[in-house]
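With mmCIF, C-alpha atoms inside, this is protein05.cif:
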data_work
loop_
_atom_site.label_atom_id
_atom_site.label_comp_id
_atom_site.auth_asym_id
_atom_site.auth_seq_id
_atom_site.Cartn_x
_atom_site.Cartn_y
_atom_site.Cartn_z
CA MET A 211 0.00 0.00 0.00
CA LYS A 212 1.33 3.42 -0.91
CA ASN A 213 2.03 6.00 1.79
CA ASN A 214 -0.68 8.48 0.75
CA GLN A 215 -0.97 11.89 2.42
CA PHE A 216 -4.49 13.07 3.17
CA THR A 217 -5.66 16.67 3.48
CA LEU A 218 -8.33 18.04 5.82
CA ALA A 219 -10.60 18.28 2.77
CA ASP A 220 -10.23 14.52 2.25
CA ILE A 221 -11.11 13.89 5.89
CA ARG A 222 -14.07 16.30 5.62
CA ASN A 223 -15.34 14.20 2.69
CA ALA A 224 -15.09 11.15 4.94
CA VAL A 225 -17.30 12.97 7.47
CA SER A 226 -19.85 13.78 4.73
CA ALA A 227 -19.84 10.12 3.70
CA GLY A 228 -20.51 9.00 7.29
CA VAL A 229 -17.15 7.23 7.71
CA LEU A 230 -15.98 9.64 10.43
CA SER A 231 -18.02 11.58 12.99
CA GLU A 232 -18.09 15.37 13.21
CA GLU A 233 -16.79 15.18 16.79
CA ALA A 234 -13.78 13.07 15.77
CA PHE A 235 -13.02 15.46 12.91
CA ALA A 236 -13.20 18.47 15.25
CA ARG A 237 -10.78 16.83 17.71
CA LEU A 238 -8.38 15.97 14.90
CA GLU A 239 -8.57 19.48 13.47
CA GLY A 240 -7.98 21.02 16.89
CA TYR A 241 -4.99 18.76 17.48
CA LEU A 242 -3.43 19.66 14.12
CA ALA A 243 -4.04 23.36 14.79
CA GLU A 244 -2.24 23.08 18.14
CA GLN A 245 0.72 21.47 16.42
CA THR A 246 1.01 24.40 14.01
CA GLN A 247 0.24 27.02 16.69
CA GLU A 248 -2.68 28.30 14.60
CA SER A 249 -6.30 28.80 15.58
CA PRO A 250 -8.71 26.35 13.95
CA GLU A 251 -11.14 27.57 11.32
CA THR A 252 -14.57 27.49 12.96
CA GLU A 253 -16.66 29.01 10.15
CA LYS A 254 -16.75 26.10 7.75
CA PHE A 255 -19.48 24.69 5.57
CA THR A 256 -19.55 22.24 2.69
CA LEU A 257 -21.41 23.59 -0.32
CA PHE A 258 -19.77 21.14 -2.71
CA ARG A 259 -17.19 18.40 -2.26
CA GLY A 260 -15.73 18.41 -5.73
CA MET A 261 -16.40 18.90 -9.41
CA ASN A 262 -18.87 16.01 -9.43
CA ASP A 263 -21.24 18.00 -7.20
CA ILE A 264 -20.97 21.01 -9.51
CA PHE A 265 -21.49 18.75 -12.52
CA SER A 266 -24.62 17.20 -10.95
CA ALA A 267 -26.01 20.62 -9.99
CA LEU A 268 -25.56 21.90 -13.55
CA GLY A 269 -27.37 18.82 -14.88
CA ILE A 270 -30.29 19.40 -12.51
CA CYS A 271 -30.46 23.08 -13.52
CA ALA A 272 -30.55 22.09 -17.22
CA LEU A 273 -33.31 19.54 -16.56
CA THR A 274 -35.26 22.13 -14.58
CA ILE A 275 -35.05 24.74 -17.34
CA GLY A 276 -36.27 22.14 -19.82
CA TRP A 277 -39.08 21.11 -17.51
CA PHE A 278 -40.43 24.63 -17.02
CA VAL A 279 -40.20 25.40 -20.73
CA LEU A 280 -42.14 22.20 -21.43
CA TRP A 281 -44.74 23.04 -18.79
CA GLY A 282 -45.13 26.48 -20.34
CA LEU A 283 -45.88 24.87 -23.71
CA LEU A 284 -48.70 22.81 -22.24
CA ALA A 285 -51.95 24.74 -22.22
CA ASN A 286 -55.67 24.14 -21.74
CA GLY A 287 -55.48 20.38 -21.63
CA PRO A 288 -55.08 17.37 -19.31
CA ALA A 289 -51.30 17.33 -19.82
CA PHE A 290 -51.04 20.69 -18.04
CA TRP A 291 -52.40 19.06 -14.86
CA ILE A 292 -50.84 15.60 -15.20
CA ALA A 293 -47.23 16.63 -15.98
CA PRO A 294 -46.42 18.52 -12.71
CA PRO A 295 -47.17 15.57 -10.35
CA LEU A 296 -44.99 13.35 -12.55
CA ALA A 297 -42.20 15.96 -12.45
CA MET A 298 -42.50 16.21 -8.67
CA ILE A 299 -42.24 12.43 -8.33
CA ALA A 300 -39.07 12.53 -10.44
CA TYR A 301 -37.61 15.32 -8.29
CA VAL A 302 -38.42 13.41 -5.09
CA ALA A 303 -36.67 10.35 -6.49
CA LEU A 304 -33.63 12.50 -7.29
CA ALA A 305 -33.75 14.02 -3.81
CA GLU A 306 -33.85 10.59 -2.19
CA TYR A 307 -30.68 9.59 -3.98
CA ILE A 308 -28.71 12.86 -4.05
CA ALA A 309 -29.82 14.53 -0.81
CA GLY A 310 -30.72 11.40 1.12
CA LYS A 311 -27.96 8.97 0.10
CA LEU A 312 -25.09 11.03 -1.33
CA LYS A 313 -25.58 14.03 1.02
CA ALA A 314 -24.44 16.36 -1.78
CA SER A 315 -25.35 19.92 -0.73
CA LEU A 316 -25.15 21.90 -3.99
CA PRO A 317 -27.21 19.46 -6.13
CA SER A 318 -29.66 19.12 -3.23
CA ILE A 319 -30.19 22.89 -3.21
CA ALA A 320 -30.90 22.78 -6.95
CA ILE A 321 -33.43 19.98 -6.44
CA MET A 322 -35.04 21.79 -3.53
CA ALA A 323 -35.49 24.99 -5.59
CA ALA A 324 -36.93 23.14 -8.59
CA LEU A 325 -39.26 20.95 -6.55
CA GLY A 326 -40.41 23.85 -4.38
CA ALA A 327 -41.13 26.09 -7.39
CA THR A 328 -43.06 23.31 -9.16
CA LEU A 329 -45.09 22.58 -6.04
CA MET A 330 -46.00 26.20 -5.32
CA ILE A 331 -46.91 27.07 -8.92
CA TYR A 332 -49.01 23.91 -9.17
CA ALA A 333 -50.73 24.83 -5.89
CA VAL A 334 -51.57 28.26 -7.34
CA ALA A 335 -52.96 26.58 -10.47
CA LEU A 336 -55.20 24.35 -8.35
CA TYR A 337 -56.30 27.34 -6.27
CA MET A 338 -57.06 29.26 -9.46
CA SER A 339 -59.14 26.40 -10.87
CA PHE A 340 -61.38 26.44 -7.79
CA ALA A 341 -61.40 30.07 -6.64
CA GLY A 342 -60.23 32.06 -9.67
CA PRO A 343 -62.20 33.54 -12.54
CA THR A 344 -63.80 30.96 -14.80
CA GLY A 345 -62.98 30.55 -18.45
CA GLN A 346 -59.31 31.44 -18.20
CA LEU A 347 -56.70 29.60 -20.22
CA SER A 348 -54.87 27.00 -18.15
CA ASP A 349 -51.30 27.89 -19.00
CA LEU A 350 -48.26 28.73 -16.93
CA ASP A 351 -48.15 32.47 -17.68
CA THR A 352 -51.78 32.92 -16.65
CA VAL A 353 -51.23 31.04 -13.40
CA ILE A 354 -48.14 33.08 -12.46
CA ASP A 355 -49.89 36.35 -13.33
CA PHE A 356 -52.90 35.35 -11.20
CA GLY A 357 -50.62 34.54 -8.26
CA GLN A 358 -48.89 37.91 -8.43
CA ARG A 359 -52.14 39.88 -8.44
CA SER A 360 -53.88 38.26 -5.44
CA MET A 361 -52.74 38.76 -1.84
CA ASN A 362 -54.80 35.75 -0.76
CA VAL A 363 -52.81 33.62 -3.19
CA LEU A 364 -49.54 35.02 -1.84
CA VAL A 365 -50.57 34.00 1.68
CA PHE A 366 -51.48 30.55 0.35
CA VAL A 367 -48.15 30.22 -1.47
CA ALA A 368 -46.22 31.39 1.60
CA VAL A 369 -47.86 28.69 3.73
CA ILE A 370 -47.22 26.01 1.10
CA GLY A 371 -43.59 27.13 0.76
CA PHE A 372 -43.07 27.07 4.52
CA ALA A 373 -44.59 23.58 4.82
CA PHE A 374 -42.42 22.35 1.94
CA GLN A 375 -39.18 23.70 3.45
CA LEU A 376 -40.07 22.21 6.83
CA GLY A 377 -40.69 18.80 5.28
CA PHE A 378 -37.52 18.98 3.16
CA PHE A 379 -35.41 19.87 6.18
CA LEU A 380 -36.88 17.16 8.38
CA ARG A 381 -36.32 14.57 5.65
CA TYR A 382 -32.87 15.52 4.37
CA ARG A 383 -31.43 17.90 7.00
CA LEU A 384 -30.27 20.34 4.32
CA PRO A 385 -28.89 23.37 6.26
CA VAL A 386 -30.11 26.00 3.80
CA SER A 387 -33.66 24.69 4.31
CA PHE A 388 -33.46 25.61 7.98
CA ALA A 389 -32.78 29.26 7.12
CA LEU A 390 -35.63 29.19 4.59
CA ILE A 391 -37.94 27.77 7.27
CA ALA A 392 -37.13 30.69 9.53
CA ALA A 393 -37.60 33.13 6.65
CA GLY A 394 -40.81 31.33 5.66
CA ILE A 395 -42.36 31.85 9.09
CA VAL A 396 -41.78 35.58 8.74
CA GLY A 397 -42.95 35.43 5.10
CA VAL A 398 -46.27 33.95 6.16
CA PHE A 399 -46.62 36.74 8.74
CA TRP A 400 -45.72 39.38 6.15
CA THR A 401 -48.18 38.23 3.53
CA ALA A 402 -50.96 37.82 6.08
CA LEU A 403 -50.32 41.35 7.33
CA LEU A 404 -50.32 42.80 3.81
CA ALA A 405 -53.46 40.85 2.90
CA THR A 406 -55.23 42.17 6.01
CA PHE A 407 -54.22 45.82 5.87
CA GLY A 408 -53.47 46.21 2.14
CA PRO A 409 -51.76 49.43 1.00
CA ALA A 410 -51.87 50.83 4.55
CA ALA A 411 -49.09 48.40 5.53
CA GLU A 412 -46.72 49.31 2.67
CA PRO A 413 -44.94 52.20 4.50
CA TYR A 414 -43.92 49.72 7.20
CA ILE A 415 -42.35 47.18 4.83
CA PRO A 416 -38.74 48.46 5.33
CA TYR A 417 -39.18 48.11 9.09
CA LEU A 418 -40.56 44.59 8.63
CA ILE A 419 -37.53 43.68 6.52
CA THR A 420 -35.18 45.06 9.17
CA ALA A 421 -37.02 43.17 11.93
CA THR A 422 -36.84 39.99 9.85
CA GLY A 423 -33.10 40.33 9.39
CA ILE A 424 -32.56 40.98 13.09
CA LEU A 425 -34.67 37.94 14.02
CA LEU A 426 -32.68 35.71 11.66
CA LEU A 427 -29.40 37.03 13.10
CA ALA A 428 -30.66 36.52 16.66
CA LEU A 429 -31.61 32.93 15.86
CA ALA A 430 -28.19 32.34 14.28
CA ILE A 431 -26.40 33.75 17.34
CA PHE A 432 -28.51 31.54 19.62
CA ILE A 433 -27.64 28.41 17.61
CA ASP A 434 -23.95 29.33 17.57
CA SER A 435 -23.97 29.89 21.34
CA ARG A 436 -25.19 26.32 21.88
CA ASP A 437 -22.17 24.92 20.02
CA PRO A 438 -19.26 27.40 20.11
CA ASN A 439 -16.78 24.84 18.73
CA ARG A 440 -19.15 24.17 15.82
CA VAL A 441 -18.75 20.42 15.69
CA ASN A 442 -22.33 19.51 14.73
CA GLY A 443 -24.53 20.21 11.74
CA TRP A 444 -26.37 23.11 13.37
CA ALA A 445 -23.36 25.36 12.81
CA GLU A 446 -23.96 25.15 9.06
CA CYS A 447 -27.64 25.97 9.61
CA ALA A 448 -26.54 29.07 11.51
CA PHE A 449 -24.22 29.97 8.63
CA TRP A 450 -27.17 30.23 6.23
CA LEU A 451 -29.14 32.29 8.76
CA TYR A 452 -26.29 34.81 8.77
CA VAL A 453 -26.17 34.74 4.96
CA PHE A 454 -29.86 35.74 4.78
CA GLY A 455 -30.12 37.86 7.92
CA ALA A 456 -27.10 40.16 7.53
CA PRO A 457 -27.94 41.53 4.03
CA LEU A 458 -31.62 41.91 4.96
CA THR A 459 -30.76 43.97 8.03
CA ILE A 460 -28.04 46.16 6.55
CA HIS A 461 -29.72 46.73 3.18
CA SER A 462 -33.08 47.62 4.75
CA ILE A 463 -31.40 50.15 7.06
CA ALA A 464 -29.60 51.62 4.06
CA ALA A 465 -32.88 51.84 2.13
CA THR A 466 -34.68 53.47 5.07
CA PHE A 467 -32.01 56.16 5.57
CA GLU A 468 -31.09 56.38 1.85
CA ALA A 469 -27.58 55.13 2.69
CA ALA A 470 -26.75 58.37 4.50
CA PRO A 471 -23.19 58.31 5.94
CA LEU A 472 -24.37 59.28 9.45
CA ALA A 473 -26.59 56.19 9.50
CA MET A 474 -24.38 53.74 7.62
CA ILE A 475 -21.01 54.34 9.30
CA PRO A 476 -22.22 53.17 12.76
CA VAL A 477 -24.00 50.22 11.11
CA ILE A 478 -20.82 49.21 9.25
CA ILE A 479 -18.73 49.48 12.44
CA ILE A 480 -21.24 47.36 14.37
CA ALA A 481 -21.29 44.78 11.53
CA MET A 482 -17.49 44.54 11.58
CA LEU A 483 -17.32 44.12 15.35
CA LEU A 484 -20.16 41.60 15.29
CA SER A 485 -18.41 39.60 12.59
CA LEU A 486 -15.19 39.43 14.58
CA ILE A 487 -16.85 38.62 17.89
CA LEU A 488 -19.02 35.86 16.42
CA ASP A 489 -16.38 34.62 13.96
CA ARG A 490 -18.87 34.99 11.11
CA ARG A 491 -17.99 36.87 7.94
CA SER A 492 -21.47 37.46 6.48
CA PRO A 493 -22.17 40.72 8.39
CA ILE A 494 -18.82 42.22 7.44
CA ILE A 495 -19.26 41.28 3.77
CA SER A 496 -22.64 43.00 3.70
CA GLY A 497 -21.11 46.03 5.42
CA LEU A 498 -18.22 46.26 2.97
CA ILE A 499 -20.69 46.65 0.10
CA TYR A 500 -21.80 49.93 1.65
CA VAL A 501 -18.22 50.89 2.43
CA GLY A 502 -17.70 50.84 -1.33
CA TYR A 503 -20.90 52.83 -1.89
CA LEU A 504 -19.94 55.52 0.64
CA LEU A 505 -16.42 55.76 -0.77
CA GLN A 506 -17.78 56.18 -4.27
CA SER A 507 -20.18 58.92 -3.12
CA GLY A 508 -17.36 60.70 -1.32
CA PHE A 509 -15.00 60.55 -4.27
CA GLU A 510 -17.70 61.79 -6.64
CA GLY A 511 -18.30 64.72 -4.31
CA ALA A 512 -14.59 65.52 -4.51
CA ALA A 513 -14.86 65.77 -8.32
CA ILE A 514 -12.44 62.89 -8.95
CA ASP A 515 -12.42 61.30 -12.40
CA PRO A 516 -15.05 58.48 -12.53
CA SER A 517 -12.53 55.91 -13.73
CA MET A 518 -10.13 56.79 -10.91
CA THR A 519 -13.05 56.60 -8.47
CA ILE A 520 -13.62 52.97 -9.44
CA VAL A 521 -9.89 52.25 -9.04
CA LEU A 522 -9.73 53.84 -5.57
CA VAL A 523 -12.91 52.09 -4.36
CA CYS A 524 -11.66 48.69 -5.58
CA PHE A 525 -8.23 49.21 -4.01
CA ILE A 526 -9.61 50.29 -0.63
CA VAL A 527 -12.35 47.63 -0.40
CA GLY A 528 -10.01 44.95 -1.75
CA GLY A 529 -7.35 45.96 0.78
CA LEU A 530 -9.86 45.76 3.63
CA VAL A 531 -11.00 42.31 2.53
CA MET A 532 -7.43 41.06 2.30
CA ALA A 533 -6.56 42.58 5.68
CA PHE A 534 -9.50 40.88 7.34
CA GLY A 535 -8.78 37.62 5.55
CA VAL A 536 -5.11 37.47 6.53
CA GLY A 537 -5.39 38.95 10.01
CA TRP A 538 -8.82 37.61 11.01
CA GLN A 539 -7.77 35.35 13.89
CA ARG A 540 -5.23 37.85 15.23
CA ALA A 541 -7.84 40.63 15.18
CA ARG A 542 -10.33 38.36 17.00
CA HIS A 543 -7.73 37.50 19.62
CA MET A 544 -6.88 41.16 20.24
CA LEU A 545 -10.56 42.12 20.46
CA LEU A 546 -11.56 39.28 22.81
CA ALA A 547 -8.40 38.98 24.93
CA PRO A 548 -9.64 41.45 27.62
CA PHE A 549 -12.79 39.32 28.04
CA GLU A 550 -11.08 35.92 28.18
CA HIS A 551 -12.46 35.15 31.65
CA HIS A 552 -15.88 36.74 31.18
CA PRO A 553 -18.77 34.28 31.74
CA LEU A 554 -20.17 34.96 28.26
CA ARG A 555 -16.85 34.07 26.61
CA ARG A 556 -17.67 30.36 26.73
CA TYR A 557 -20.49 30.93 24.25
CA LEU A 558 -18.11 32.22 21.55
CA PRO A 559 -15.75 30.28 19.27
CA PRO A 560 -12.10 30.05 20.38
CA SER A 561 -9.74 32.79 19.21
#
As structure tokens, please, write out the structure in this file.
Amino acid sequence: MKNNQFTLADIRNAVSAGVLSEEAFARLEGYLAEQTQESPETEKFTLFRGMNDIFSALGICALTIGWFVLWGLLANGPAFWIAPPLAMIAYVALAEYIAGKLKASLPSIAIMAALGATLMIYAVALYMSFAGPTGQLSDLDTVIDFGQRSMNVLVFVAVIGFAFQLGFFLRYRLPVSFALIAAGIVGVFWTALLATFGPAAEPYIPYLITATGILLLALAIFIDSRDPNRVNGWAECAFWLYVFGAPLTIHSIAATFEAAPLAMIPVIIIAMLLSLILDRRSPIISGLIYVGYLLQSGFEGAAIDPSMTIVLVCFIVGGLVMAFGVGWQRARHMLLAPFEHHPLRRYLPPS
């Protein structure tokens, strides 16, 4: 037998395949980090394990495009109603093999999106056939247009989407589904509120978006606090909550205050500190987008050539990203060192 050398990525693939437990991998990773005097990487997730996952996801996307084009060609006939259940059965079979057996995240996300879209559009079509205007052509464009014009249908779709994500997560434990479940609960609340109050609720939509983002971030922080070493699958669920929650929060605040510097600079500083404290990069990435926007606005106000403005913004934002990337663990250690013995420190990842 040859003396092969294995990387951490190889061992991570063994964890995904069920050969090695997450706890054993975390102990091994911690041991290797101690040997090199480096802090272990705690913000890790496995979107794809190799080119085969990307290849499979592309194949599913191509099949999905073909399926929706075909469904759009079917109109005013039995095939329009028979084809979607057959497509959903095929997607479930794919999900059982790819998400259930192979545990491949990226192709599973593609299947989840295709199956969920088919299910919700088909549910709208059924709703339309019973509660919609009579005599309308049963084609895909008409169904989608009907769904966009009716708040009652949006509430119905939100409930169906939430139930689907809940079932998909319980069956396959796909981390991104957990974040969509949390977002779906708020989505049901949103649509019910808009359906009840109509246009009167529209001025409050930015505040609802901000509240949604904060709730998702709070849930992510709670999950992280239960497992600061991030050795179980819930850490990846929290990752996706940050991915959705941080942009929602920061972008909605920017929209509310029209990205005014006096409002955005404190938000960006808080996002950077929160990212370092929690060892999560999603808030800081969302904040850096507005760093670039504020820099561009400032340079334009200084009457700098537009081309040079782009150069300066890219250099500054790129430099900040590189600085955080290279000095992340050192910056965390410096920030948290004064609180090493604080009771709350045990809820945070090691630095």
Determine, counting all atoms listed in the file, which protein, DNA and RNA residues have an atom within 12 Å of an atom of Leu403 of chain A; residues of the same chain fewer than 6 positions away are not included. Present the result as a ChimeraX atom specification. /A:361-362,364-365,396-397,409-412,414-415,418
Which residues of segment 271-363 of chain A come within 8 Å of segment 374-386 of chain A, and what is each one's closest atom pair and distance in Å (one decimal), counting all atoms listed in the file, sorted by chain and residue number, as a tab-separated table?
residue	atom	partner	partner_atom	distance
A:Ala309	CA	A:Tyr382	CA	6.1
A:Gly310	CA	A:Tyr382	CA	5.7
A:Ser315	CA	A:Leu384	CA	7.1
A:Ser318	CA	A:Leu384	CA	7.7
A:Ile319	CA	A:Val386	CA	7.7
A:Met322	CA	A:Phe378	CA	7.7
A:Gly326	CA	A:Phe374	CA	6.8
Extract, using all atoms listed in the file, all DNA, RNA and protein residues at most 12 Å from Ile479 of chain A, discarding same-chain residues fewer than 2 positions from it, and format them as number ranges by chain. A: 460, 471-477, 481-486, 493-498, 500-501
Closest of A:Ala314, A:Leu325, A:Ile463, A:Ala368 to Ala297 of chain A - atom-to-atom distances counting all atoms listed in the file: A:Leu325
Mind giving me the straight-line distance from atom CA of Ala324 of chain A to atom CA of Ser266 of chain A in Å, one decimal? 13.9 Å
Cut-off 12 Å around (-41.5, 43.2, 6.8) with only C-alpha atoms: residues as number ranges by chain: A: 393-404, 411-425, 458-459, 462
Hey, what comes out of the PyMOL selection byres ((chain A and resi 442) around 12) on this file? Could you write it as a ChimeraX atom specification? /A:225-226,231-236,252-255,385,433-434,436-441,443-448
Apply the PyMOL selection byres ((chain A and resi 540) around 12) to the displayed file and report the matching residues as a list in words. Glu248, Ser249, Leu486, Ile487, Asp489, Ala533, Phe534, Gly535, Val536, Gly537, Trp538, Gln539, Ala541, Arg542, His543, Met544, Leu545, Leu546, Ala547, Pro560 and Ser561 of chain A
Could the residues in this selection be written to a file with C-alpha atoms, as a PDB file, keeping the file's coordinate frame?
ATOM      1  CA  GLU A 248      -2.680  28.300  14.600  1.00  0.00           C
ATOM      2  CA  SER A 249      -6.300  28.800  15.580  1.00  0.00           C
ATOM      3  CA  LEU A 486     -15.190  39.430  14.580  1.00  0.00           C
ATOM      4  CA  ILE A 487     -16.850  38.620  17.890  1.00  0.00           C
ATOM      5  CA  ASP A 489     -16.380  34.620  13.960  1.00  0.00           C
ATOM      6  CA  ALA A 533      -6.560  42.580   5.680  1.00  0.00           C
ATOM      7  CA  PHE A 534      -9.500  40.880   7.340  1.00  0.00           C
ATOM      8  CA  GLY A 535      -8.780  37.620   5.550  1.00  0.00           C
ATOM      9  CA  VAL A 536      -5.110  37.470   6.530  1.00  0.00           C
ATOM     10  CA  GLY A 537      -5.390  38.950  10.010  1.00  0.00           C
ATOM     11  CA  TRP A 538      -8.820  37.610  11.010  1.00  0.00           C
ATOM     12  CA  GLN A 539      -7.770  35.350  13.890  1.00  0.00           C
ATOM     13  CA  ALA A 541      -7.840  40.630  15.180  1.00  0.00           C
ATOM     14  CA  ARG A 542     -10.330  38.360  17.000  1.00  0.00           C
ATOM     15  CA  HIS A 543      -7.730  37.500  19.620  1.00  0.00           C
ATOM     16  CA  MET A 544      -6.880  41.160  20.240  1.00  0.00           C
ATOM     17  CA  LEU A 545     -10.560  42.120  20.460  1.00  0.00           C
ATOM     18  CA  LEU A 546     -11.560  39.280  22.810  1.00  0.00           C
ATOM     19  CA  ALA A 547      -8.400  38.980  24.930  1.00  0.00           C
ATOM     20  CA  PRO A 560     -12.100  30.050  20.380  1.00  0.00           C
ATOM     21  CA  SER A 561      -9.740  32.790  19.210  1.00  0.00           C
TER      22      SER A 561
END
For Gly528 of chain A, which of A:Ala335, A:Pro516, A:Pro559, A:Ile499 is the closest residue, counting only C-alpha atoms?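 For Gly528 of chain A, the nearest of the given residues is A:Ile499.
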Atomic distance atom CA of Met338 of chain A - atom CA of Asn286 of chain A, expressed in Å with one decimal: 13.4 Å
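Between atom CA of Thr256 of chain A and atom CA of Val229 of chain A there is a distance of 16.0 Å.
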Rank A:Phe290, A:Phe356, A:Trp277, A:Tyr241 by their smallest atom-to-atom distance to Ala327 of chain A, using all atoms listed in the file, and report the top residue only.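 With all atoms listed in the file as the atom set, the closest residue is A:Trp277.
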Explicit residue set for the PyMOL selection byres ((chain A and resi 505) around 12), as a PyMOL selection string: chain A and resi 469-471+474-475+498-504+506-512+514+518-527
Using only C-alpha atoms, the shortest atom-to-atom distance to Arg259 of chain A among A:Gly276, A:Ile431, A:Leu312, A:Leu238 belongs to A:Leu312
Given the choices A:Leu390, A:Gly269, A:Val279, A:Tyr301, which gets closest to Asp351 of chain A if the distance is worked out from only C-alpha atoms?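 For Asp351 of chain A, the nearest of the given residues is A:Val279.
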Would you compute an axis-aligned box for segment 266-271 of chain A, covering every atom listed for it in the file with 5 Å of margin on each side, and report centre and edge lengths in Å to one decimal as AutoDock Vina command-line options?
--center_x -27.5 --center_y 20.1 --center_z -12.4 --size_x 15.8 --size_y 15.9 --size_z 14.9
